[in-house]
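File shown: structure-v4.txt. Contents: compact mmCIF, C-alpha atoms and all ligand atoms.
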# COMPACT_ATOMS: atom_id res chain seq x y z
CA MET Y 1 0.00 0.00 0.00
CA SER Y 2 1.25 3.48 -0.80
CA ALA Y 3 1.15 6.56 1.42
CA LEU Y 4 -1.95 8.58 0.68
CA VAL Y 5 -1.31 11.17 3.36
CA ASP Y 6 2.24 12.18 4.16
CA ILE Y 7 2.73 14.65 7.00
CA ARG Y 8 6.21 15.67 8.09
CA ASN Y 9 7.17 18.05 10.86
CA LEU Y 10 3.91 19.90 10.50
CA SER Y 11 3.24 22.75 12.89
CA LYS Y 12 0.31 25.11 13.19
CA ILE Y 13 0.26 28.32 15.13
CA TYR Y 14 -2.49 30.89 15.46
CA HIS Y 15 -1.90 34.55 16.23
CA ARG Y 16 -4.11 36.50 18.58
CA GLY Y 17 -2.90 40.06 18.76
CA ASP Y 18 0.80 39.73 19.52
CA GLN Y 19 0.19 36.39 21.20
CA ILE Y 20 1.32 33.21 19.43
CA ILE Y 21 -0.79 30.11 20.06
CA PRO Y 22 0.86 26.81 19.10
CA VAL Y 23 -1.89 24.31 18.22
CA LEU Y 24 0.03 21.51 16.47
CA THR Y 25 3.72 20.89 17.10
CA ASN Y 26 6.00 18.94 14.82
CA ILE Y 27 3.47 16.33 13.69
CA SER Y 28 4.67 13.48 11.46
CA LEU Y 29 2.15 10.93 10.26
CA VAL Y 30 1.86 8.64 7.24
CA ILE Y 31 -1.54 7.23 6.31
CA ALA Y 32 -1.69 4.43 3.77
CA GLU Y 33 -4.36 4.05 1.11
CA GLY Y 34 -7.23 1.96 2.48
CA GLU Y 35 -6.41 2.80 6.11
CA PHE Y 36 -9.10 3.52 8.71
CA LEU Y 37 -7.51 5.76 11.32
CA ALA Y 38 -9.06 7.15 14.50
CA LEU Y 39 -7.69 10.34 16.04
CA MET Y 40 -8.43 10.79 19.73
CA GLY Y 41 -7.41 13.19 22.46
CA PRO Y 42 -8.73 15.74 24.93
CA SER Y 43 -10.78 18.75 23.90
CA GLY Y 44 -8.54 21.46 22.48
CA SER Y 45 -5.70 19.06 21.65
CA GLY Y 46 -5.82 19.98 17.96
CA LYS Y 47 -7.76 17.07 16.43
CA SER Y 48 -10.11 19.17 14.29
CA THR Y 49 -7.26 21.45 13.29
CA LEU Y 50 -5.24 18.48 12.01
CA LEU Y 51 -8.25 16.95 10.25
CA ASN Y 52 -9.12 20.26 8.59
CA MET Y 53 -5.58 20.52 7.32
CA ILE Y 54 -5.67 17.04 5.79
CA ALA Y 55 -8.97 18.06 4.18
CA GLY Y 56 -7.45 21.23 2.72
CA ILE Y 57 -9.71 23.52 4.76
CA ASP Y 58 -6.80 25.03 6.64
CA ARG Y 59 -3.06 25.20 5.94
CA PRO Y 60 0.05 24.36 7.96
CA SER Y 61 2.24 27.14 9.35
CA SER Y 62 5.28 25.00 8.57
CA GLY Y 63 6.19 21.49 7.53
CA LEU Y 64 5.08 19.22 4.72
CA LEU Y 65 1.54 18.03 4.03
CA ARG Y 66 0.91 15.91 0.96
CA VAL Y 67 -2.43 14.26 0.27
CA GLY Y 68 -2.71 12.02 -2.77
CA GLY Y 69 0.32 13.69 -4.32
CA ALA Y 70 -0.95 17.26 -3.83
CA ASP Y 71 1.18 19.58 -1.73
CA ILE Y 72 -1.51 21.31 0.34
CA GLY Y 73 0.71 24.14 1.52
CA GLU Y 74 1.57 25.08 -2.07
CA LEU Y 75 -1.92 25.34 -3.56
CA THR Y 76 -3.69 28.70 -3.89
CA GLU Y 77 -7.11 29.16 -2.24
CA THR Y 78 -8.84 28.61 -5.58
CA GLU Y 79 -6.81 25.52 -6.40
CA LEU Y 80 -7.45 24.21 -2.90
CA ALA Y 81 -11.24 24.63 -3.25
CA GLY Y 82 -11.24 22.64 -6.50
CA TRP Y 83 -8.94 20.03 -5.05
CA ARG Y 84 -11.19 19.61 -1.99
CA ALA Y 85 -14.31 19.16 -4.10
CA ALA Y 86 -12.64 16.41 -6.13
CA ASN Y 87 -10.79 14.59 -3.37
CA ILE Y 88 -12.38 15.00 0.04
CA GLY Y 89 -15.62 13.70 1.54
CA PHE Y 90 -16.35 15.44 4.85
CA ILE Y 91 -18.67 14.15 7.58
CA PHE Y 92 -19.40 16.60 10.42
CA GLN Y 93 -20.72 16.12 13.95
CA PHE Y 94 -23.87 18.16 13.22
CA TYR Y 95 -24.40 16.79 9.68
CA ASN Y 96 -24.25 20.23 7.97
CA LEU Y 97 -27.00 19.45 5.48
CA MET Y 98 -28.63 22.32 3.56
CA PRO Y 99 -32.04 22.77 5.23
CA VAL Y 100 -33.79 24.01 2.06
CA LEU Y 101 -32.71 20.99 0.00
CA THR Y 102 -34.15 17.47 0.12
CA ALA Y 103 -32.00 14.46 1.01
CA TYR Y 104 -31.68 13.76 -2.73
CA GLU Y 105 -30.64 17.34 -3.52
CA ASN Y 106 -28.15 17.45 -0.64
CA VAL Y 107 -26.42 14.33 -1.95
CA GLU Y 108 -26.52 15.61 -5.52
CA LEU Y 109 -24.81 18.88 -4.54
CA PRO Y 110 -21.16 17.72 -4.83
CA LEU Y 111 -21.94 16.23 -8.25
CA LEU Y 112 -23.07 19.59 -9.64
CA LEU Y 113 -19.39 20.54 -9.69
CA THR Y 114 -18.59 17.59 -11.96
CA GLY Y 115 -19.37 17.08 -15.63
CA LEU Y 116 -21.97 14.38 -15.00
CA SER Y 117 -25.33 14.57 -16.77
CA LYS Y 118 -28.57 14.78 -14.80
CA LYS Y 119 -29.27 11.12 -15.53
CA GLU Y 120 -25.79 10.05 -14.39
CA ARG Y 121 -26.15 12.13 -11.24
CA LYS Y 122 -29.47 10.43 -10.51
CA GLU Y 123 -27.85 6.99 -10.79
CA HIS Y 124 -25.06 7.95 -8.39
CA VAL Y 125 -27.36 9.66 -5.88
CA GLU Y 126 -29.84 6.76 -5.81
CA LEU Y 127 -27.03 4.24 -5.45
CA VAL Y 128 -25.56 5.89 -2.35
CA LEU Y 129 -28.93 6.71 -0.77
CA ASN Y 130 -29.82 3.04 -1.20
CA MET Y 131 -26.52 2.07 0.38
CA VAL Y 132 -27.27 4.14 3.50
CA GLY Y 133 -30.78 2.69 3.67
CA LEU Y 134 -32.68 5.88 2.81
CA ALA Y 135 -34.18 5.04 -0.57
CA ASP Y 136 -37.61 5.87 0.88
CA ARG Y 137 -36.53 9.24 2.32
CA MET Y 138 -35.07 10.91 -0.78
CA GLU Y 139 -37.69 13.66 -0.94
CA HIS Y 140 -37.54 14.45 2.78
CA TYR Y 141 -36.00 17.67 4.05
CA PRO Y 142 -33.37 17.47 6.84
CA ALA Y 143 -35.90 18.73 9.43
CA GLN Y 144 -38.10 15.74 8.53
CA LEU Y 145 -35.32 13.27 9.31
CA SER Y 146 -33.92 11.96 12.60
CA GLY Y 147 -30.34 12.78 13.59
CA GLY Y 148 -29.18 9.31 12.58
CA GLN Y 149 -30.93 9.59 9.22
CA GLN Y 150 -29.41 13.04 8.62
CA GLN Y 151 -25.96 11.66 9.34
CA ARG Y 152 -26.59 8.83 6.88
CA VAL Y 153 -27.52 11.43 4.23
CA ALA Y 154 -24.26 13.21 5.08
CA ILE Y 155 -22.35 9.95 4.60
CA ALA Y 156 -24.03 9.48 1.21
CA ARG Y 157 -23.04 13.05 0.29
CA ALA Y 158 -19.45 12.45 1.44
CA VAL Y 159 -19.01 9.38 -0.72
CA VAL Y 160 -21.10 10.21 -3.82
CA SER Y 161 -18.27 11.82 -5.77
CA ASP Y 162 -15.94 8.90 -4.98
CA PRO Y 163 -13.37 10.98 -3.06
CA LEU Y 164 -9.80 9.95 -2.31
CA VAL Y 165 -10.22 10.40 1.44
CA ILE Y 166 -13.17 10.53 3.82
CA VAL Y 167 -12.63 12.67 6.88
CA ALA Y 168 -15.10 12.60 9.75
CA ASP Y 169 -15.07 14.92 12.76
CA GLU Y 170 -16.93 13.23 15.65
CA PRO Y 171 -19.50 11.63 13.31
CA THR Y 172 -21.29 9.90 16.19
CA GLY Y 173 -20.91 12.76 18.68
CA ASP Y 174 -24.55 13.83 18.48
CA LEU Y 175 -26.18 10.39 18.10
CA ASP Y 176 -27.76 7.84 20.42
CA ARG Y 177 -26.11 4.44 20.72
CA ALA Y 178 -28.22 2.69 18.02
CA SER Y 179 -27.87 5.48 15.43
CA ALA Y 180 -24.16 5.71 16.18
CA GLU Y 181 -23.80 2.00 15.52
CA ASP Y 182 -25.60 2.38 12.14
CA VAL Y 183 -23.24 5.18 11.17
CA LEU Y 184 -20.18 3.18 12.25
CA LEU Y 185 -21.29 0.11 10.31
CA LEU Y 186 -21.61 2.31 7.23
CA MET Y 187 -18.14 3.75 7.74
CA GLU Y 188 -16.83 0.22 8.10
CA HIS Y 189 -18.62 -0.72 4.86
CA LEU Y 190 -17.06 2.23 3.02
CA ASN Y 191 -13.64 1.14 4.22
CA GLU Y 192 -13.88 -2.62 3.81
CA GLN Y 193 -16.13 -2.99 0.77
CA LEU Y 194 -15.33 0.20 -1.16
CA GLY Y 195 -11.70 0.49 -0.04
CA LYS Y 196 -12.13 4.08 1.14
CA THR Y 197 -9.43 5.65 3.28
CA ILE Y 198 -11.05 7.09 6.41
CA ILE Y 199 -9.68 9.47 9.03
CA MET Y 200 -12.06 9.89 11.93
CA VAL Y 201 -11.82 12.14 14.96
CA THR Y 202 -13.74 10.72 17.89
CA HIS Y 203 -14.17 10.78 21.65
CA ASP Y 204 -16.16 7.57 21.42
CA GLN Y 205 -14.33 4.37 22.32
CA ARG Y 206 -16.83 2.28 20.36
CA ALA Y 207 -16.22 4.37 17.26
CA ALA Y 208 -12.46 4.15 17.64
CA ALA Y 209 -12.72 0.37 17.99
CA LYS Y 210 -13.90 0.18 14.35
CA ALA Y 211 -10.66 1.76 13.14
CA HIS Y 212 -7.52 -0.20 12.17
CA SER Y 213 -5.35 2.12 14.21
CA ILE Y 214 -5.75 4.82 16.81
CA ARG Y 215 -3.48 7.82 17.31
CA HIS Y 216 -3.70 10.22 20.23
CA LEU Y 217 -3.10 13.94 20.24
CA ASP Y 218 -2.29 15.75 23.44
CA LYS Y 219 -1.68 19.52 23.50
CA GLY Y 220 -0.83 19.46 19.82
CA ILE Y 221 1.64 16.57 20.04
CA LEU Y 222 0.94 13.22 18.40
CA ASN Y 223 1.89 10.19 20.46
CA ASP Y 224 3.72 7.15 19.17
CA ALA Y 225 1.66 4.68 17.12
CA ASP Y 226 1.62 1.77 19.51
CA GLU Y 227 1.60 3.61 22.81
CA VAL Y 228 -1.26 2.34 25.00
CA SER Y 229 -2.94 5.36 26.49
CA ALA Y 230 -4.19 5.54 30.05
CA GLU Y 231 -7.29 7.37 28.83
CA MET Y 232 -8.55 4.25 27.04
CA PRO Y 233 -10.71 2.22 29.39
CA ALA Y 234 -11.78 -1.28 28.37
CA LEU Y 235 -15.18 -1.55 26.71
CA SER Y 236 -17.89 -2.39 29.17
N1 LIG H 1 -8.98 30.07 14.28
C1 LIG H 1 -8.38 29.90 15.47
N2 LIG H 1 -7.74 30.92 16.09
C2 LIG H 1 -7.11 30.75 17.28
N3 LIG H 1 -7.07 29.56 17.94
C3 LIG H 1 -7.71 28.53 17.39
C4 LIG H 1 -8.39 28.62 16.13
N4 LIG H 1 -8.93 27.41 15.83
C5 LIG H 1 -8.59 26.59 16.87
N5 LIG H 1 -7.87 27.25 17.78
C6 LIG H 1 -7.30 26.70 19.04
O1 LIG H 1 -6.62 25.51 18.70
C7 LIG H 1 -6.76 24.55 19.72
C8 LIG H 1 -7.19 23.22 19.12
O2 LIG H 1 -8.52 23.33 18.61
P1 LIG H 1 -9.25 22.11 17.91
O3 LIG H 1 -10.58 22.60 17.48
O4 LIG H 1 -8.36 21.54 16.88
O5 LIG H 1 -9.38 21.08 19.12
P2 LIG H 1 -10.08 19.65 19.19
O6 LIG H 1 -9.04 18.68 19.63
O7 LIG H 1 -10.79 19.38 17.92
O8 LIG H 1 -11.13 19.85 20.39
P3 LIG H 1 -12.64 19.28 20.57
O9 LIG H 1 -12.49 17.86 21.02
O10 LIG H 1 -13.19 20.14 21.66
O11 LIG H 1 -13.35 19.42 19.28
C9 LIG H 1 -7.73 25.12 20.73
O12 LIG H 1 -7.00 25.59 21.83
C10 LIG H 1 -8.38 26.25 20.00
O13 LIG H 1 -8.72 27.29 20.86
MG MG H 2 -12.79 19.23 17.38
Show the structure stored in the file as structure tokens.
Ligand SMILES: Nc1ncnc2c1ncn2[C@@H]1O[C@H](COP(=O)(O)OP(=O)(O)OP(=O)(O)O)[C@@H](O)[C@H]1O
Ligand SMILES: [Mg+2]
Amino acid sequence: MSALVDIRNLSKIYHRGDQIIPVLTNISLVIAEGEFLALMGPSGSGKSTLLNMIAGIDRPSSGLLRVGGADIGELTETELAGWRAANIGFIFQFYNLMPVLTAYENVELPLLLTGLSKKERKEHVELVLNMVGLADRMEHYPAQLSGGQQQRVAIARAVVSDPLVIVADEPTGDLDRASAEDVLLLMEHLNEQLGKTIIMVTHDQRAAAKAHSIRHLDKGILNDADEVSAEMPALS
């Protein structure tokens, strides 16, 4: 397997007035194609910041960040926006669906940026909505769906354009146990059956247990790969 994500000595600092806030310090991480990685760590440790950088939403202050051969730090804002649309599927904690669009239209949205015809788009949208078990909810608006159903629409939207990487920021953070399990089974399906590379930030031990590997961030520092963390209690 080849390295899909290659991060070397990456640091991120924010400025507030004349204050410098280090958020990520000297991160090195290689993620292979087909990997399912969970990122854990306390609130404020920099998990979302790192994920957003891999997704091309934010840029490193220093260091190297390559995703699928693209050098994220070198792309212009416009290039980055196009690159993101073609390569990244994002799943958020609070779904981030467009309230005025139906489930079908929400999933179709990323495909409007591609050259697919209306008929081709319909095939893709129906395929993924079927996959997430929402074939009978296509014409529903987000407000007419449960949290778990909205997250499944968001998963369909994340995967519909066949992205290189799926990034998920606490995808089960707002869900009850049963809905969370549905979402995790789908993520597992995307990884195992469709070969999708997944990077998932989570506080949820059950979610992390689905991943192939778990890395921990603490105050902006990434721990060693096989370090067993004291913050990981056994599953009850
Ligand atoms: N735009 C910004 N300007 C200044 N500081 C920021 C900015 N974005 C994030 N930070 C700081 O960076 C640190 C890491 O934030 P981040 O959102 O990555 O944490 P997290 O690990 O995802 O936390 P949580 O589990 O609560 O979501 C925090 O201390 C936060 O205040
Ligand atoms: Mg976060």
| message | Considering all atoms listed in the file, can you say which of Y:Glu77, Y:Asp204, Y:Asp224, Y:Asp169 comes closest to ligand MG 2 (chain H)? | response |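 Among the listed residues, the smallest separation from ligand MG 2 (chain H) belongs to Y:Asp169.
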| message | Taking all atoms listed in the file into account, name the residue in Y:Arg59, Y:His203, Y:Lys12, Y:Arg121 that is nearest to ligand MG 2 (chain H). | response |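 Under the stated criterion, the closest residue is Y:His203.
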| task | List every protein, DNA or RNA residue that has at least one atom no more than 12 Å from (-34.1, 7.4, 0.5) in the file's coordinates, counting all atoms listed in the file, and write the result as a ChimeraX atom specification. | result | /Y:102-107,125-142,145,149-150,152-153,156
| task | Go ahead and compute the interatomic distance for atom C9 of ligand LIG 1 (chain H) and atom CA of Gly41 of chain Y, in Å to one decimal. | result | 12.1 Å
| What gap, in Å, lies between atom CA of Lys210 of chain Y and atom P1 of ligand LIG 1 (chain H)? |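 Straight-line distance from atom CA of Lys210 of chain Y to atom P1 of ligand LIG 1 (chain H) works out to 22.7 Å.
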| field | ligand MG 2 (chain H) neighbours within 9 Å using all atoms listed in the file, as a PyMOL selection string | value | chain Y and resi 43-49+51+169-170+201-202
| Shortest interatomic distance to Gly69 of chain Y - which of Y:Phe94, Y:Trp83, Y:Met187, Y:Glu108, counting only C-alpha atoms |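 Among Y:Phe94, Y:Trp83, Y:Met187, Y:Glu108, it is Y:Trp83 that comes nearest to Gly69 of chain Y.
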| When distances are computed from all atoms listed in the file, which of Y:Ile198, Y:Leu111, Y:Gly56, Y:Asn96 shows the smallest separation from Leu186 of chain Y? |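 Between Y:Ile198, Y:Leu111, Y:Gly56, Y:Asn96, the residue approaching Leu186 of chain Y most closely is Y:Ile198.
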| message | With distances taken over all atoms listed in the file, which residue among Y:Leu109, Y:Ile199, Y:Leu10, Y:Ala70 lies nearest Thr25 of chain Y? | response |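 Of all the options, Y:Leu10 lies closest to Thr25 of chain Y.
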| query | Between Y:Ala143, Y:Leu217, Y:Val67, Y:Leu37, which one has atoms that come closest to ligand LIG 1 (chain H), using all atoms listed in the file? | reply |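 When distances to ligand LIG 1 (chain H) are compared using all atoms listed in the file, the smallest one comes from Y:Leu217.
For the atom pair formed by atom N3 of ligand LIG 1 (chain H) and atom CA of Arg84 of chain Y, the distance is 22.7 Å, given to one decimal.
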| task | Fewer than 4 positions away in the same chain doesn't count, so skip those; otherwise give me all residues within 9 Å of Leu50 of chain Y, counting only C-alpha atoms, as a list of chain:residue names. | result |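 Neighbouring residues, sequence-local ones excluded: Y:Lys12, Y:Leu24, Y:Gly46, Y:Ile54, Y:Ala55, Y:Asp58, Y:Pro60.
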Will you model N, CA, C and O atoms for segment 125-150 of chain Y and pass it back as a PDB file, in the frame of the given file?
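Final output, saved to result.pdb:
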ATOM      1  N   VAL Y 125     -26.671   9.241  -7.108  1.00  0.00           N
ATOM      2  CA  VAL Y 125     -27.360   9.660  -5.880  1.00  0.00           C
ATOM      3  C   VAL Y 125     -28.218   8.514  -5.352  1.00  0.00           C
ATOM      4  O   VAL Y 125     -28.205   8.189  -4.158  1.00  0.00           O
ATOM      5  N   GLU Y 126     -28.960   7.862  -6.253  1.00  0.00           N
ATOM      6  CA  GLU Y 126     -29.840   6.760  -5.810  1.00  0.00           C
ATOM      7  C   GLU Y 126     -29.023   5.583  -5.277  1.00  0.00           C
ATOM      8  O   GLU Y 126     -29.400   4.950  -4.299  1.00  0.00           O
ATOM      9  N   LEU Y 127     -27.890   5.335  -5.908  1.00  0.00           N
ATOM     10  CA  LEU Y 127     -27.030   4.240  -5.450  1.00  0.00           C
ATOM     11  C   LEU Y 127     -26.580   4.460  -3.997  1.00  0.00           C
ATOM     12  O   LEU Y 127     -26.706   3.568  -3.159  1.00  0.00           O
ATOM     13  N   VAL Y 128     -26.084   5.665  -3.707  1.00  0.00           N
ATOM     14  CA  VAL Y 128     -25.560   5.890  -2.350  1.00  0.00           C
ATOM     15  C   VAL Y 128     -26.681   6.041  -1.323  1.00  0.00           C
ATOM     16  O   VAL Y 128     -26.525   5.625  -0.168  1.00  0.00           O
ATOM     17  N   LEU Y 129     -27.816   6.612  -1.726  1.00  0.00           N
ATOM     18  CA  LEU Y 129     -28.930   6.710  -0.770  1.00  0.00           C
ATOM     19  C   LEU Y 129     -29.491   5.321  -0.464  1.00  0.00           C
ATOM     20  O   LEU Y 129     -29.911   5.043   0.654  1.00  0.00           O
ATOM     21  N   ASN Y 130     -29.469   4.442  -1.450  1.00  0.00           N
ATOM     22  CA  ASN Y 130     -29.820   3.040  -1.200  1.00  0.00           C
ATOM     23  C   ASN Y 130     -28.838   2.399  -0.236  1.00  0.00           C
ATOM     24  O   ASN Y 130     -29.228   1.695   0.688  1.00  0.00           O
ATOM     25  N   MET Y 131     -27.560   2.662  -0.459  1.00  0.00           N
ATOM     26  CA  MET Y 131     -26.520   2.070   0.380  1.00  0.00           C
ATOM     27  C   MET Y 131     -26.695   2.460   1.855  1.00  0.00           C
ATOM     28  O   MET Y 131     -26.481   1.646   2.740  1.00  0.00           O
ATOM     29  N   VAL Y 132     -27.100   3.710   2.102  1.00  0.00           N
ATOM     30  CA  VAL Y 132     -27.270   4.140   3.500  1.00  0.00           C
ATOM     31  C   VAL Y 132     -28.685   3.853   4.013  1.00  0.00           C
ATOM     32  O   VAL Y 132     -29.051   4.280   5.116  1.00  0.00           O
ATOM     33  N   GLY Y 133     -29.461   3.138   3.207  1.00  0.00           N
ATOM     34  CA  GLY Y 133     -30.780   2.690   3.670  1.00  0.00           C
ATOM     35  C   GLY Y 133     -31.844   3.771   3.683  1.00  0.00           C
ATOM     36  O   GLY Y 133     -32.787   3.710   4.472  1.00  0.00           O
ATOM     37  N   LEU Y 134     -31.707   4.775   2.798  1.00  0.00           N
ATOM     38  CA  LEU Y 134     -32.680   5.880   2.810  1.00  0.00           C
ATOM     39  C   LEU Y 134     -33.377   6.065   1.468  1.00  0.00           C
ATOM     40  O   LEU Y 134     -33.809   7.172   1.130  1.00  0.00           O
ATOM     41  N   ALA Y 135     -33.519   4.957   0.728  1.00  0.00           N
ATOM     42  CA  ALA Y 135     -34.180   5.040  -0.570  1.00  0.00           C
ATOM     43  C   ALA Y 135     -35.588   5.618  -0.441  1.00  0.00           C
ATOM     44  O   ALA Y 135     -36.074   6.315  -1.340  1.00  0.00           O
ATOM     45  N   ASP Y 136     -36.229   5.392   0.693  1.00  0.00           N
ATOM     46  CA  ASP Y 136     -37.610   5.870   0.880  1.00  0.00           C
ATOM     47  C   ASP Y 136     -37.679   7.248   1.540  1.00  0.00           C
ATOM     48  O   ASP Y 136     -38.750   7.692   1.930  1.00  0.00           O
ATOM     49  N   ARG Y 137     -36.538   7.911   1.676  1.00  0.00           N
ATOM     50  CA  ARG Y 137     -36.530   9.240   2.320  1.00  0.00           C
ATOM     51  C   ARG Y 137     -35.937  10.323   1.409  1.00  0.00           C
ATOM     52  O   ARG Y 137     -35.636  11.411   1.867  1.00  0.00           O
ATOM     53  N   MET Y 138     -35.788  10.001   0.123  1.00  0.00           N
ATOM     54  CA  MET Y 138     -35.070  10.910  -0.780  1.00  0.00           C
ATOM     55  C   MET Y 138     -35.687  12.301  -0.863  1.00  0.00           C
ATOM     56  O   MET Y 138     -34.973  13.287  -1.015  1.00  0.00           O
ATOM     57  N   GLU Y 139     -37.012  12.365  -0.775  1.00  0.00           N
ATOM     58  CA  GLU Y 139     -37.690  13.660  -0.940  1.00  0.00           C
ATOM     59  C   GLU Y 139     -37.926  14.372   0.392  1.00  0.00           C
ATOM     60  O   GLU Y 139     -38.594  15.396   0.442  1.00  0.00           O
ATOM     61  N   HIS Y 140     -37.388  13.808   1.475  1.00  0.00           N
ATOM     62  CA  HIS Y 140     -37.540  14.450   2.780  1.00  0.00           C
ATOM     63  C   HIS Y 140     -36.507  15.568   2.965  1.00  0.00           C
ATOM     64  O   HIS Y 140     -35.385  15.455   2.489  1.00  0.00           O
ATOM     65  N   TYR Y 141     -36.926  16.604   3.687  1.00  0.00           N
ATOM     66  CA  TYR Y 141     -36.000  17.670   4.050  1.00  0.00           C
ATOM     67  C   TYR Y 141     -35.292  17.279   5.363  1.00  0.00           C
ATOM     68  O   TYR Y 141     -35.840  16.485   6.137  1.00  0.00           O
ATOM     69  N   PRO Y 142     -34.092  17.830   5.617  1.00  0.00           N
ATOM     70  CA  PRO Y 142     -33.370  17.470   6.840  1.00  0.00           C
ATOM     71  C   PRO Y 142     -34.242  17.537   8.099  1.00  0.00           C
ATOM     72  O   PRO Y 142     -34.162  16.642   8.946  1.00  0.00           O
ATOM     73  N   ALA Y 143     -35.076  18.579   8.217  1.00  0.00           N
ATOM     74  CA  ALA Y 143     -35.900  18.730   9.430  1.00  0.00           C
ATOM     75  C   ALA Y 143     -36.912  17.583   9.574  1.00  0.00           C
ATOM     76  O   ALA Y 143     -37.470  17.378  10.649  1.00  0.00           O
ATOM     77  N   GLN Y 144     -37.154  16.865   8.481  1.00  0.00           N
ATOM     78  CA  GLN Y 144     -38.100  15.740   8.530  1.00  0.00           C
ATOM     79  C   GLN Y 144     -37.385  14.409   8.764  1.00  0.00           C
ATOM     80  O   GLN Y 144     -37.993  13.343   8.638  1.00  0.00           O
ATOM     81  N   LEU Y 145     -36.097  14.492   9.080  1.00  0.00           N
ATOM     82  CA  LEU Y 145     -35.320  13.270   9.310  1.00  0.00           C
ATOM     83  C   LEU Y 145     -34.757  13.265  10.725  1.00  0.00           C
ATOM     84  O   LEU Y 145     -34.494  14.325  11.306  1.00  0.00           O
ATOM     85  N   SER Y 146     -34.553  12.071  11.285  1.00  0.00           N
ATOM     86  CA  SER Y 146     -33.920  11.960  12.600  1.00  0.00           C
ATOM     87  C   SER Y 146     -32.429  12.291  12.471  1.00  0.00           C
ATOM     88  O   SER Y 146     -31.891  12.348  11.358  1.00  0.00           O
ATOM     89  N   GLY Y 147     -31.776  12.492  13.609  1.00  0.00           N
ATOM     90  CA  GLY Y 147     -30.340  12.780  13.590  1.00  0.00           C
ATOM     91  C   GLY Y 147     -29.556  11.680  12.886  1.00  0.00           C
ATOM     92  O   GLY Y 147     -28.694  11.942  12.042  1.00  0.00           O
ATOM     93  N   GLY Y 148     -29.883  10.434  13.204  1.00  0.00           N
ATOM     94  CA  GLY Y 148     -29.180   9.310  12.580  1.00  0.00           C
ATOM     95  C   GLY Y 148     -29.398   9.266  11.078  1.00  0.00           C
ATOM     96  O   GLY Y 148     -28.474   8.997  10.307  1.00  0.00           O
ATOM     97  N   GLN Y 149     -30.642   9.565  10.663  1.00  0.00           N
ATOM     98  CA  GLN Y 149     -30.930   9.590   9.220  1.00  0.00           C
ATOM     99  C   GLN Y 149     -30.192  10.737   8.537  1.00  0.00           C
ATOM    100  O   GLN Y 149     -29.644  10.571   7.447  1.00  0.00           O
ATOM    101  N   GLN Y 150     -30.140  11.898   9.210  1.00  0.00           N
ATOM    102  CA  GLN Y 150     -29.410  13.040   8.620  1.00  0.00           C
ATOM    103  C   GLN Y 150     -27.936  12.696   8.465  1.00  0.00           C
ATOM    104  O   GLN Y 150     -27.320  13.034   7.454  1.00  0.00           O
TER     105      GLN Y 150
END
